[in-house]
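Structure below is upload.txt: compact mmCIF, C-alpha atoms.
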```
# COMPACT_ATOMS: atom_id res chain seq x y z
CA MET H 1 92.23 69.81 36.11
CA LYS H 2 90.10 66.79 35.19
CA ASN H 3 90.12 63.20 36.42
CA GLY H 4 92.51 64.22 39.20
CA PHE H 5 95.40 65.14 36.93
CA GLN H 6 96.57 67.69 34.40
CA ILE H 7 98.88 67.18 31.43
CA VAL H 8 100.99 70.26 30.63
CA SER H 9 102.75 70.61 27.29
CA VAL H 10 106.10 72.33 27.75
CA ASN H 11 107.35 74.83 25.20
CA GLU H 12 109.93 77.60 24.93
CA GLN H 13 107.57 80.09 26.58
CA ASN H 14 106.74 78.08 29.72
CA ILE H 15 109.80 75.86 30.16
CA SER H 16 111.19 78.03 32.95
CA ASP H 17 108.00 77.39 34.95
CA HIS H 18 108.65 73.64 34.94
CA PRO H 19 112.25 72.93 36.05
CA GLN H 20 111.50 69.20 36.46
CA THR H 21 111.24 69.04 32.67
CA VAL H 22 114.91 68.04 32.60
CA CYS H 23 114.75 64.56 34.10
CA TYR H 24 114.62 65.91 37.67
CA ILE H 25 118.22 67.16 37.52
CA ASN H 26 118.94 70.06 39.89
CA PRO H 27 118.22 73.26 37.93
CA LYS H 28 121.46 74.74 39.32
CA HIS H 29 123.58 72.04 37.67
CA LYS H 30 125.00 73.04 34.29
CA SER H 31 123.73 69.84 32.64
CA HIS H 32 120.22 71.15 33.29
CA HIS H 33 120.96 74.20 31.17
CA ILE H 34 122.62 72.05 28.49
CA LYS H 35 119.33 70.18 28.01
CA ILE H 36 117.28 73.40 28.09
CA ASP H 37 119.41 74.86 25.29
CA TRP H 38 119.10 71.60 23.34
CA LEU H 39 115.31 71.61 23.72
CA LYS H 40 114.98 75.17 22.51
CA GLN H 41 116.54 74.03 19.24
CA ARG H 42 114.19 71.06 19.00
CA PHE H 43 110.78 72.62 19.55
CA ASP H 44 110.70 73.87 15.95
CA GLU H 45 111.25 70.25 14.84
CA GLY H 46 108.02 69.20 16.54
CA TYR H 47 109.62 68.00 19.78
CA LYS H 48 107.13 67.54 22.62
CA ILE H 49 107.56 67.22 26.37
CA LYS H 50 104.45 66.67 28.46
CA LEU H 51 104.31 66.61 32.24
CA LEU H 52 101.55 64.97 34.24
CA TYR H 53 100.61 66.72 37.48
CA LEU H 54 98.39 64.94 39.98
CA GLU H 55 95.89 67.09 41.80
CA GLY H 56 97.47 68.66 44.87
CA GLU H 57 101.05 67.97 43.74
CA LYS H 58 103.48 70.79 42.89
CA ARG H 59 105.94 68.53 41.11
CA PRO H 60 105.06 66.41 38.06
CA SER H 61 104.51 62.75 38.73
CA GLY H 62 105.65 61.69 35.28
CA PHE H 63 106.68 62.95 31.86
CA ILE H 64 106.93 61.86 28.24
CA GLU H 65 109.17 63.11 25.42
CA TYR H 66 108.36 62.45 21.78
CA THR H 67 108.75 63.93 18.32
CA ASN H 68 107.92 63.34 14.68
CA GLY H 69 109.43 60.07 13.51
CA GLU H 70 111.36 61.88 10.78
CA ASN H 71 113.20 63.71 13.58
CA ALA H 72 113.71 60.75 15.93
CA TRP H 73 116.98 60.74 17.91
CA ARG H 74 117.37 56.96 17.61
CA ALA H 75 118.84 54.71 14.90
CA VAL H 76 115.42 54.15 13.35
CA SER H 77 113.36 55.08 10.33
CA ALA H 78 109.85 55.98 11.50
CA GLU H 79 108.33 58.27 8.89
CA ASN H 80 104.73 59.34 9.49
CA TYR H 81 104.82 58.11 13.11
CA LEU H 82 105.29 59.85 16.40
CA PHE H 83 108.37 58.51 18.16
CA ILE H 84 108.68 58.33 21.96
CA HIS H 85 112.17 59.01 23.33
CA CYS H 86 111.55 58.90 27.07
CA ILE H 87 108.79 58.18 29.51
CA TRP H 88 109.26 58.35 33.26
CA VAL H 89 107.20 58.04 36.43
CA SER H 90 109.01 59.94 39.15
CA ALA H 91 108.64 57.90 42.34
CA ASN H 92 107.60 54.45 43.50
CA LYS H 93 104.45 55.79 45.13
CA TYR H 94 103.23 56.90 41.68
CA LYS H 95 104.01 53.65 39.88
CA ASN H 96 101.26 51.20 38.89
CA LYS H 97 98.67 53.97 39.03
CA GLY H 98 98.18 54.35 35.29
CA ILE H 99 100.36 57.45 34.91
CA GLY H 100 102.57 55.92 32.22
CA SER H 101 99.57 54.55 30.33
CA THR H 102 97.86 57.94 30.48
CA LEU H 103 100.90 59.66 28.97
CA VAL H 104 101.25 57.04 26.22
CA GLU H 105 97.56 57.32 25.37
CA ASP H 106 97.87 61.10 25.17
CA CYS H 107 100.69 60.64 22.65
CA ASN H 108 98.58 58.15 20.69
CA GLU H 109 95.68 60.62 20.57
CA ASP H 110 98.09 63.25 19.25
CA ALA H 111 99.13 60.90 16.42
CA ILE H 112 95.50 60.22 15.52
CA SER H 113 94.58 63.91 15.56
CA ARG H 114 97.42 64.63 13.13
CA GLY H 115 96.40 61.83 10.78
CA LEU H 116 99.67 59.95 11.34
CA SER H 117 100.19 56.20 11.06
CA GLY H 118 100.77 55.62 14.78
CA VAL H 119 103.35 55.73 17.54
CA ALA H 120 106.72 53.94 17.86
CA VAL H 121 109.29 53.49 20.63
CA VAL H 122 112.54 51.61 21.27
CA THR H 123 112.67 49.71 24.57
CA SER H 124 115.37 47.72 26.30
CA SER H 125 115.60 44.90 28.81
CA GLY H 126 118.89 46.47 29.92
CA SER H 127 119.46 49.47 32.14
CA PHE H 128 118.30 53.06 31.92
CA MET H 129 115.49 52.67 29.38
CA ALA H 130 111.82 51.80 29.53
CA GLY H 131 110.97 48.14 29.18
CA GLY H 132 108.28 46.77 26.94
CA ASP H 133 105.61 45.89 29.52
CA LEU H 134 103.98 49.33 29.52
CA PHE H 135 103.73 49.43 25.75
CA ARG H 136 102.35 45.91 25.56
CA LYS H 137 99.57 46.98 27.93
CA CYS H 138 98.92 49.99 25.70
CA GLY H 139 98.39 47.86 22.60
CA PHE H 140 101.83 48.15 20.99
CA GLU H 141 103.44 45.22 19.16
CA VAL H 142 107.11 44.35 18.55
CA VAL H 143 108.00 44.78 14.88
CA GLU H 144 111.77 44.27 15.11
CA GLU H 145 114.51 43.30 17.57
CA ALA H 146 118.16 44.33 17.72
CA GLU H 147 121.17 43.06 19.66
CA PRO H 148 121.79 42.90 22.50
CA HIS H 149 118.48 43.78 24.18
CA TYR H 150 116.41 46.20 22.09
CA GLU H 151 112.87 45.98 20.78
CA LEU H 152 111.08 48.33 18.40
CA TRP H 153 107.41 48.61 19.40
CA VAL H 154 104.67 50.10 17.24
CA LYS H 155 101.02 50.98 17.71
CA ALA H 156 99.72 51.45 14.18
CA VAL H 157 96.41 53.16 13.49
CA LYS H 158 96.81 53.13 9.69
CA LYS H 159 98.15 50.65 7.19
CA GLY H 160 101.50 51.48 5.67
CA PRO H 161 105.26 50.96 6.02
CA LEU H 162 106.26 50.11 9.59
CA PRO H 163 109.19 51.71 11.44
CA ARG H 164 112.48 49.79 11.35
CA PHE H 165 115.97 49.84 12.83
CA ASN H 166 118.65 51.37 10.65
CA ASP H 167 121.95 49.64 9.88
CA TRP H 168 123.78 50.62 13.07
CA LYS H 169 126.25 47.70 12.86
CA THR H 170 127.86 49.07 9.70
CA ALA H 171 128.16 52.46 11.39
CA LEU H 172 129.75 50.82 14.45
CA ALA H 173 132.45 49.10 12.38
CA HIS H 174 133.76 52.45 11.14
CA TYR H 175 135.00 53.61 14.56
CA THR H 176 138.66 53.01 15.44
CA GLY H 177 140.36 53.77 18.73
CA LEU H 178 138.42 54.79 21.84
CA ASN H 179 135.27 56.74 21.07
CA ILE H 180 132.32 58.30 22.83
CA VAL H 181 129.47 59.08 20.46
CA TYR H 182 126.57 60.84 22.13
CA SER H 183 123.78 63.40 21.94
CA LYS H 184 122.47 65.91 24.45
CA GLN H 185 118.98 64.41 24.22
CA CYS H 186 119.70 62.82 27.60
CA PRO H 187 121.01 65.30 30.20
CA TRP H 188 122.56 62.48 32.26
CA VAL H 189 124.65 61.49 29.24
CA ALA H 190 125.65 65.12 28.62
CA ARG H 191 126.60 65.39 32.30
CA PHE H 192 128.80 62.28 32.10
CA VAL H 193 130.56 63.41 28.90
CA ASP H 194 131.25 66.81 30.43
CA GLU H 195 132.78 65.17 33.51
CA ILE H 196 135.03 62.92 31.42
CA THR H 197 136.22 65.59 29.00
CA ASN H 198 137.10 67.99 31.82
CA ASN H 199 138.99 65.42 33.88
CA LYS H 200 142.72 65.54 33.16
CA LYS H 201 143.30 61.99 34.38
CA TYR H 202 141.69 60.70 31.16
CA ASN H 203 143.74 62.85 28.78
CA HIS H 204 146.18 60.02 28.09
CA LEU H 205 143.38 57.86 26.71
CA LYS H 206 142.95 60.12 23.66
CA ILE H 207 139.18 59.66 23.61
CA ASN H 208 137.54 60.70 20.35
CA ILE H 209 134.32 62.44 21.33
CA THR H 210 131.62 62.96 18.72
CA GLU H 211 128.38 64.78 19.43
CA LEU H 212 125.38 63.81 17.32
CA GLN H 213 123.98 67.23 16.50
CA THR H 214 120.97 66.49 14.29
CA PRO H 215 118.26 63.83 14.06
CA ARG H 216 119.92 62.58 10.87
CA ASP H 217 123.17 62.08 12.77
CA ALA H 218 121.33 60.12 15.47
CA GLN H 219 119.55 57.95 12.93
CA LYS H 220 122.97 56.90 11.61
CA ALA H 221 124.38 56.20 15.09
CA PRO H 222 126.37 53.04 15.95
CA SER H 223 123.71 51.61 18.28
CA PRO H 224 119.90 51.49 18.33
CA TYR H 225 119.70 53.80 21.36
CA SER H 226 122.00 56.35 19.67
CA THR H 227 122.21 58.73 22.64
CA PHE H 228 125.32 57.15 24.19
CA ASN H 229 127.94 54.87 22.66
CA LEU H 230 131.27 53.88 24.19
CA ILE H 231 133.28 52.18 21.43
CA PHE H 232 136.73 50.67 21.13
CA ASN H 233 137.91 49.57 17.68
CA GLY H 234 134.42 48.80 16.41
CA LYS H 235 133.27 47.08 19.62
CA LEU H 236 130.36 48.61 21.53
CA LEU H 237 131.40 48.62 25.19
CA ALA H 238 128.39 50.53 26.56
CA ASP H 239 125.19 51.61 24.86
CA HIS H 240 123.45 53.62 27.58
CA TYR H 241 124.30 56.13 30.30
CA ILE H 242 127.02 54.95 32.69
CA SER H 243 128.64 56.43 35.77
CA GLU H 244 132.31 57.37 35.89
CA THR H 245 132.94 54.32 38.10
CA ARG H 246 131.35 52.06 35.51
CA PHE H 247 133.38 53.78 32.80
CA LYS H 248 136.65 53.03 34.61
CA ASN H 249 135.59 49.43 35.28
CA ILE H 250 134.82 48.84 31.61
CA LEU H 251 138.14 50.26 30.45
CA THR H 252 140.00 48.23 33.07
CA LYS H 253 138.24 45.04 32.00
CA GLU H 254 139.07 45.72 28.35
CA LYS H 255 142.69 46.51 29.33
CA ILE H 256 142.42 49.99 27.87
CA MET H 257 143.56 51.71 31.07
```
Step by step, read the file and then write its structure as structure tokens.
Amino acid sequence: MKNGFQIVSVNEQNISDHPQTVCYINPKHKSHHIKIDWLKQRFDEGYKIKLLYLEGEKRPSGFIEYTNGENAWRAVSAENYLFIHCIWVSANKYKNKGIGSTLVEDCNEDAISRGLSGVAVVTSSGSFMAGGDLFRKCGFEVVEEAEPHYELWVKAVKKGPLPRFNDWKTALAHYTGLNIVYSKQCPWVARFVDEITNNKKYNHLKINITELQTPRDAQKAPSPYSTFNLIFNGKLLADHYISETRFKNILTKEKIM
């Protein structure tokens, strides 16, 4: 361990040694195992999860998930870049101590060592996603914005085509009825979808549930975030993880239930 911390790269061989890999969900909950199974399919695509352990701590203080831009699980085109999906610092006592910046810089160094063009990430001023402040501090710049609250940030180390948002609005218009379009990239989303689909009180709603099963599916998703989409007749009602209470409130407001 150097500089008071250690960054551990998680893979299929050591993932069982680091249960906090899955967004700090209780390892006994089945959504934990859903994400583990999903990850084991992704490692061959270049998917990376790195945990930062502070000296003397048994649990990681933060983590970062990223992959090759060609395999990004967002509605983006980011060829020859690394693409960050998630970054998280686990508790308030660890915030503003440079943990997030350290993880981002480690990702940037990975991109440079591979001879790639840089690193990209989608942020949001809404709920449940990283905001842009961290990436601004790390030298990223906004290259594109998308409704209602998304920004595509890039730190380029080579000249070349920049990442861009894909045409998610056209994809959105194709959905009729009540739809949930999601991927298991986020275990909280997978947990919510499992709860809804196994609850008989929602059977009358006839929800069309579509799982995005490949990066190509996600890149054609009906919202920039891709990982969760609640849609009614081409209208995006929610574009990030929501609780069951929030789900019911949205459907009540829209007079769907």
Would you place a box with edges along x, y and z of the file around all atoms of stretch 4-20 of chain H listed there, add 5 Å to each of its six sides, and report the centre and edge lengths in Å to one decimal, as lines of an AutoDock Vina configuration file?
```
center_x = 102.4
center_y = 72.2
center_z = 32.1
size_x = 29.7
size_y = 25.9
size_z = 24.3
```
*Would you mind telling me which residue in H:Ser61, H:Ser124, H:Asn249, H:Gln185 lies nearest to H:Lys40 when using only C-alpha atoms?*
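Comparing H:Ser61, H:Ser124, H:Asn249, H:Gln185 against H:Lys40, the winner is H:Gln185.
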For stretch 74-180 of chain H against stretch 10-29 of chain H, with a cut-off of 10 Å and counting all atoms listed in the file, what is the closest atom pair and its distance in Å to one decimal for every residue that makes the cut, ordered by chain and number, as JSON lines?
```
{"residue": "H:Cys86", "atom": "CA", "partner": "H:Cys23", "partner_atom": "CA", "distance": 9.6}
{"residue": "H:Ile87", "atom": "CA", "partner": "H:Cys23", "partner_atom": "CA", "distance": 9.9}
{"residue": "H:Trp88", "atom": "CA", "partner": "H:Cys23", "partner_atom": "CA", "distance": 8.3}
{"residue": "H:Ser90", "atom": "CA", "partner": "H:Tyr24", "partner_atom": "CA", "distance": 8.3}
```
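Of the listed residues H:Glu65, H:Glu79, H:Glu141, H:Asp37, the one whose atoms come nearest to H:Asp106 is H:Glu65, with distances taken using all atoms listed in the file.
Residues with any atom within 10 Å of H:Lys169, counting all atoms listed in the file and excluding same-chain neighbours fewer than 5 positions away, are H:Glu147, H:His174, H:Lys220, H:Ala221, H:Pro222, H:Ser223, H:Pro224, H:Gly234, H:Lys235, H:Leu236.
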_Separation of atom CA of H:Ser243 from atom CA of H:Lys50 in Å_ =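 So the answer is 27.3 Å.
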*Out of H:Leu237, H:Leu205, H:Met257, H:Val119, which residue has the shortest atom-to-atom distance to H:Leu172 when counting only C-alpha atoms?*
H:Leu237
_Test item: residues at most 10 Å from H:Glu144, only C-alpha atoms, excluding those fewer than 4 positions along its chain, as a PyMOL selection string_ = chain H and resi 122+150-154+162-165
*Please, what distance in Å, to one decimal, runs between atom CA of H:Pro148 and atom CA of H:Trp73?*
19.0 Å
*Counting all atoms listed in the file, which of H:Pro215, H:Gly126, H:Gly98, H:Gly62 gets nearest to H:Tyr182?*
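So, comparing all the options, the nearest one is H:Pro215.
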*From the list H:Ile256, H:Val157, H:Ala218, H:Leu230, which residue is nearest H:Ala75 when using all atoms listed in the file?*
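Ranking H:Ile256, H:Val157, H:Ala218, H:Leu230 by distance to H:Ala75, first place goes to H:Ala218.
Separating atom CA of H:Cys107 from atom CA of H:Phe63 is a distance of 11.2 Å.
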*When distances are computed from all atoms listed in the file, which of H:Glu254, H:Asp167, H:Glu244, H:Asp110 shows the smallest separation from H:Tyr81?*
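Of the candidates, the smallest distance to H:Tyr81 is held by H:Asp110.
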_Please list as an NGL selection string every residue within 12 Å of H:Arg136, counting all atoms listed in the file and excluding residues in the same chain fewer than 2 positions away._
:H and (101 or 104 or 120-121 or 123 or 130-134 or 138-142 or 151-155)
*asked:* So that I can see what lies close to H:Ile7, please list as a PyMOL selection string the residues with an atom at most 7 Å from it, counting only C-alpha atoms and leaving out residues fewer than 3 positions away in the same chain.
replied: chain H and resi 50-53
*asked:* With all atoms listed in the file as the counted atoms, please give the residues lying no more than 9 Å from H:Val181, apart from itself and same-chain residues fewer than 3 positions off, as a ChimeraX atom specification.
replied: /H:208-212,221-222,226-231
Using only C-alpha atoms, please write the residues we just selected to a file, as a tab-separated table (two decimals), in the frame of the given file.
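What ended up in again-v4.tsv:
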```tsv
chain	number	residue	atom	x	y	z
H	208	ASN	CA	137.54	60.70	20.35
H	209	ILE	CA	134.32	62.44	21.33
H	210	THR	CA	131.62	62.96	18.72
H	211	GLU	CA	128.38	64.78	19.43
H	212	LEU	CA	125.38	63.81	17.32
H	221	ALA	CA	124.38	56.20	15.09
H	222	PRO	CA	126.37	53.04	15.95
H	226	SER	CA	122.00	56.35	19.67
H	227	THR	CA	122.21	58.73	22.64
H	228	PHE	CA	125.32	57.15	24.19
H	229	ASN	CA	127.94	54.87	22.66
H	230	LEU	CA	131.27	53.88	24.19
H	231	ILE	CA	133.28	52.18	21.43
```
